[in-house]
>>> print(open('coords26.cif').read())   # mmCIF, C-alpha atoms and all ligand atoms
data_data
#
loop_
_atom_site.label_atom_id
_atom_site.label_comp_id
_atom_site.auth_asym_id
_atom_site.auth_seq_id
_atom_site.Cartn_x
_atom_site.Cartn_y
_atom_site.Cartn_z
CA MET A 129 -57.85 84.80 -7.94
CA ALA A 130 -61.31 84.32 -9.20
CA VAL A 131 -63.27 83.01 -12.11
CA GLN A 132 -64.94 85.92 -13.89
CA LYS A 133 -68.00 86.05 -16.11
CA VAL A 134 -67.17 85.78 -19.82
CA VAL A 135 -69.19 88.29 -21.83
CA THR A 136 -70.80 87.04 -25.03
CA TYR A 137 -71.54 88.28 -28.53
CA GLY A 138 -73.55 91.49 -28.46
CA HIS A 139 -71.85 92.84 -25.32
CA SER A 140 -70.32 96.27 -25.93
CA ALA A 141 -67.03 95.29 -24.19
CA LEU A 142 -66.22 93.00 -27.12
CA ARG A 143 -66.38 95.88 -29.61
CA ALA A 144 -64.30 98.33 -27.59
CA ILE A 145 -60.69 99.05 -28.56
CA SER A 146 -58.59 98.00 -25.57
CA LYS A 147 -56.17 100.48 -24.03
CA ASN A 148 -52.48 99.89 -23.40
CA ILE A 149 -51.70 99.15 -19.76
CA THR A 150 -49.67 101.89 -18.10
CA ASP A 151 -50.39 101.12 -14.44
CA PHE A 152 -49.10 97.64 -13.65
CA SER A 153 -49.95 97.63 -9.93
CA ASN A 154 -52.85 95.14 -10.26
CA ILE A 155 -51.43 93.12 -13.13
CA ARG A 156 -50.82 89.93 -11.10
CA SER A 157 -54.44 89.55 -10.02
CA LEU A 158 -55.66 90.37 -13.53
CA ILE A 159 -53.37 87.66 -14.98
CA ASP A 160 -54.62 85.18 -12.36
CA ASP A 161 -58.26 86.04 -13.15
CA LEU A 162 -57.67 85.57 -16.86
CA PHE A 163 -56.06 82.14 -16.39
CA ASP A 164 -58.65 81.01 -13.82
CA THR A 165 -61.49 82.03 -16.11
CA MET A 166 -59.91 80.55 -19.24
CA TYR A 167 -59.32 77.18 -17.54
CA GLU A 168 -62.79 77.14 -15.97
CA PHE A 169 -64.38 77.35 -19.42
CA ASP A 170 -61.79 75.11 -21.17
CA GLY A 171 -60.42 77.88 -23.35
CA ILE A 172 -56.98 78.10 -24.95
CA GLY A 173 -56.89 81.90 -24.97
CA LEU A 174 -58.70 84.75 -23.24
CA ALA A 175 -58.50 88.51 -23.68
CA ALA A 176 -59.27 90.97 -20.87
CA ASN A 177 -62.23 92.54 -22.66
CA GLN A 178 -63.89 89.11 -22.66
CA ILE A 179 -64.21 89.59 -18.89
CA GLY A 180 -65.23 93.21 -19.38
CA ILE A 181 -61.84 94.82 -18.79
CA ASN A 182 -60.72 97.31 -21.41
CA LYS A 183 -56.99 96.57 -21.23
CA ARG A 184 -54.50 95.23 -23.76
CA ILE A 185 -53.71 91.87 -22.23
CA PHE A 186 -54.48 88.27 -23.07
CA VAL A 187 -53.39 84.83 -21.93
CA VAL A 188 -52.82 81.69 -23.98
CA ASP A 189 -52.31 78.06 -23.04
CA ILE A 190 -51.84 75.56 -25.83
CA SER A 191 -49.84 73.11 -23.74
CA HIS A 192 -52.13 70.34 -25.05
CA THR A 193 -50.18 70.66 -28.33
CA ASP A 194 -46.49 70.01 -29.03
CA GLU A 195 -45.95 73.64 -29.99
CA CYS A 196 -45.59 75.26 -26.61
CA GLU A 197 -45.61 73.68 -23.16
CA SER A 198 -46.02 76.74 -20.94
CA PRO A 199 -48.89 79.19 -20.45
CA LEU A 200 -48.18 82.60 -21.98
CA VAL A 201 -49.11 86.19 -21.11
CA PHE A 202 -49.15 88.97 -23.70
CA ILE A 203 -49.38 92.58 -22.51
CA ASN A 204 -49.68 95.66 -24.76
CA GLY A 205 -49.12 93.46 -27.79
CA LYS A 206 -49.14 94.46 -31.43
CA ILE A 207 -48.53 92.73 -34.73
CA ILE A 208 -45.44 94.17 -36.39
CA SER A 209 -45.70 92.11 -39.56
CA GLY A 210 -47.25 88.96 -40.95
CA GLU A 211 -46.40 86.44 -43.63
CA GLY A 212 -48.23 83.78 -45.57
CA SER A 213 -51.76 82.71 -44.88
CA CYS A 214 -53.70 79.77 -43.51
CA VAL A 215 -57.35 79.02 -42.84
CA ASP A 216 -58.54 77.25 -39.72
CA SER A 217 -61.86 76.67 -38.02
CA GLU A 218 -61.96 78.83 -34.88
CA GLY A 219 -64.17 78.98 -31.82
CA CYS A 220 -64.39 81.59 -29.08
CA LEU A 221 -65.49 81.59 -25.43
CA SER A 222 -67.59 84.68 -26.20
CA LEU A 223 -69.33 82.80 -29.03
CA PRO A 224 -70.17 79.38 -27.59
CA GLU A 225 -71.07 76.64 -30.11
CA ILE A 226 -69.98 78.73 -33.07
CA ARG A 227 -67.16 77.78 -35.45
CA ILE A 228 -65.99 80.04 -38.24
CA ASN A 229 -63.23 79.51 -40.80
CA VAL A 230 -60.81 82.39 -40.43
CA GLU A 231 -57.89 83.29 -42.70
CA ARG A 232 -54.83 84.37 -40.71
CA TYR A 233 -51.16 85.00 -41.29
CA ASP A 234 -49.09 81.82 -41.20
CA SER A 235 -46.45 83.56 -39.12
CA ILE A 236 -46.33 86.90 -37.37
CA THR A 237 -43.77 89.13 -35.72
CA TYR A 238 -45.35 90.19 -32.45
CA GLU A 239 -44.22 92.82 -29.95
CA TYR A 240 -45.40 92.47 -26.35
CA LEU A 241 -44.52 92.42 -22.67
CA ASP A 242 -44.50 89.04 -20.93
CA HIS A 243 -45.70 88.20 -17.40
CA ASN A 244 -42.48 89.72 -16.00
CA LEU A 245 -43.13 92.89 -18.03
CA GLU A 246 -40.11 92.10 -20.20
CA LYS A 247 -40.39 93.31 -23.77
CA HIS A 248 -40.13 90.84 -26.65
CA ILE A 249 -40.29 91.08 -30.41
CA LYS A 250 -40.76 87.49 -31.50
CA VAL A 251 -41.77 85.48 -34.53
CA PHE A 252 -44.64 83.06 -33.95
CA SER A 253 -45.95 80.50 -36.40
CA GLY A 254 -48.39 77.63 -36.64
CA PHE A 255 -51.27 77.22 -34.21
CA LEU A 256 -49.77 79.64 -31.67
CA ALA A 257 -49.66 82.39 -34.31
CA THR A 258 -53.35 81.74 -35.05
CA VAL A 259 -54.32 81.95 -31.38
CA ILE A 260 -52.32 85.16 -30.88
CA GLN A 261 -54.01 86.76 -33.89
CA HIS A 262 -57.44 85.69 -32.59
CA GLU A 263 -56.74 87.23 -29.17
CA ASN A 264 -55.12 90.33 -30.66
CA ASP A 265 -58.32 90.79 -32.69
CA HIS A 266 -60.28 90.89 -29.41
CA LEU A 267 -58.11 93.80 -28.24
CA ASP A 268 -59.08 95.63 -31.43
CA GLY A 269 -62.79 94.92 -30.92
CA LYS A 270 -62.88 92.24 -33.61
CA LEU A 271 -64.60 88.84 -33.48
CA ILE A 272 -64.53 85.70 -35.60
CA THR A 273 -68.02 86.55 -36.84
CA ASP A 274 -66.39 89.48 -38.69
CA TYR A 275 -64.84 86.81 -40.96
CA ALA A 276 -68.08 84.88 -41.41
CA THR A 277 -69.40 84.09 -44.86
CA PRO A 278 -73.08 84.76 -45.64
CA ALA A 279 -73.58 80.98 -45.27
CA ASP A 280 -72.02 81.05 -41.78
CA LEU A 281 -74.26 83.96 -40.78
CA LEU A 282 -77.31 82.12 -42.04
CA LYS A 283 -76.30 78.95 -40.20
CA TYR A 284 -75.74 80.79 -36.91
CA ASP A 285 -78.44 83.45 -37.33
CA LYS A 286 -80.61 82.13 -34.52
CA ALA A 287 -77.74 81.61 -32.05
CA LEU A 288 -76.28 85.07 -32.75
CA LYS A 289 -79.65 86.81 -32.39
CA LEU A 290 -80.27 84.98 -29.12
CA MET A 291 -76.89 86.06 -27.70
CA LYS A 292 -77.39 89.61 -28.89
CA SER A 293 -80.84 89.88 -27.33
CA SER A 294 -79.54 88.55 -24.01
CA ASN A 295 -77.01 91.38 -23.99
CA VAL A 296 -79.49 94.17 -24.67
CA LYS A 297 -80.29 95.87 -21.42
ZN ZN B 1 -62.20 84.71 -28.77
#
>>> encode(input="coords26.cif", output="C-alpha cells")
Amino acid sequence: MAVQKVVTYGHSALRAISKNITDFSNIRSLIDDLFDTMYEFDGIGLAANQIGINKRIFVVDISHTDECESPLVFINGKIISGEGSCVDSEGCLSLPEIRINVERYDSITYEYLDHNLEKHIKVFSGFLATVIQHENDHLDGKLITDYATPADLLKYDKALKLMKSSNVK
C-alpha cells in the first residue's frame, strides 16, 4: 500500500489507451495504491493511468453522497449503452484547480469486473454514472479539457500551459 504520484495534464500516460487486465496476480496491491492515492488527494475517483499504469481499472468513492455508501472498483469496464444527458461541472486530480462543464449520459449500462473479479452488467444513474463516465474516459485517453469551450480554454490557458511545460522532459 502506498500513495503514488498523480500525473498531470500534458503527461503522455493520460493520453494512452489503457489495456484490459489479463494477469490479476498484482491486482490487490494496485487497488490499494489507487484507493490510498485517491484518498490522499481528496479525490472521488482515480484511474490507473493517472498514476502512470496503463491498465483498465479505476476506483470510485462517493460515500459522501446518499447515492452509494461503499467504495467501488471497476476492472476492464466498458459502456454498453447510455441514455439521456446531463451537464455538470467536473474537476480532475490530473487537472488541479480546473473545472469544466461536461455533458454526460444521465444513465449508463456498464460492464465490468468488481474487486472480487466478478462480472457485472449494471445500470448506473445520477452522480455515480457521471463519475464512472469521467473515469472511463481516462481509460480511453480522454480528459475533461476535451469538452472545454473556447471560453474555458481561454480562462485556463495559463494553468494548462504551465502543467504541460512541467511535463515536457
Ligand atoms: Zn479525472
>>> residues_near_ligand(input="coords26.cif", ligand="ligand ZN 1 (chain B)", cutoff="8 Å", atoms="all atoms listed in the file", output="list of chain:residue names")
A:Gly173, A:Leu174, A:Ala175, A:Gln178, A:Gly219, A:Cys220, A:Leu221, A:Ser222, A:Leu223, A:His262, A:Glu263, A:His266, A:Leu271, A:Ile272
>>> axis_aligned_box(input="coords26.cif", around="range 158-171 of chain A", padding_each_side="6 Å", output="AutoDock Vina command-line options")
--center_x -58.9 --center_y 82.7 --center_z -17.9 --size_x 23.0 --size_y 27.3 --size_z 23.0
>>> closest_residue(input="coords26.cif", among="A:Asp285, A:Asp265, A:Asp280, A:Asp274", to="Ala144 in chain A", atoms="only C-alpha atoms")
A:Asp265
>>> residues_around(input="coords26.cif", residues="Lys250 in chain A", least_positions_apart="5", cutoff="7 Å", atoms="all atoms listed in the file", output="number ranges by chain")
A: 237-239
>>> atom_distance(input="coords26.cif", atom1="CA of Ile207 in chain A", atom2="CA of Asn264 in chain A")
8.1 Å
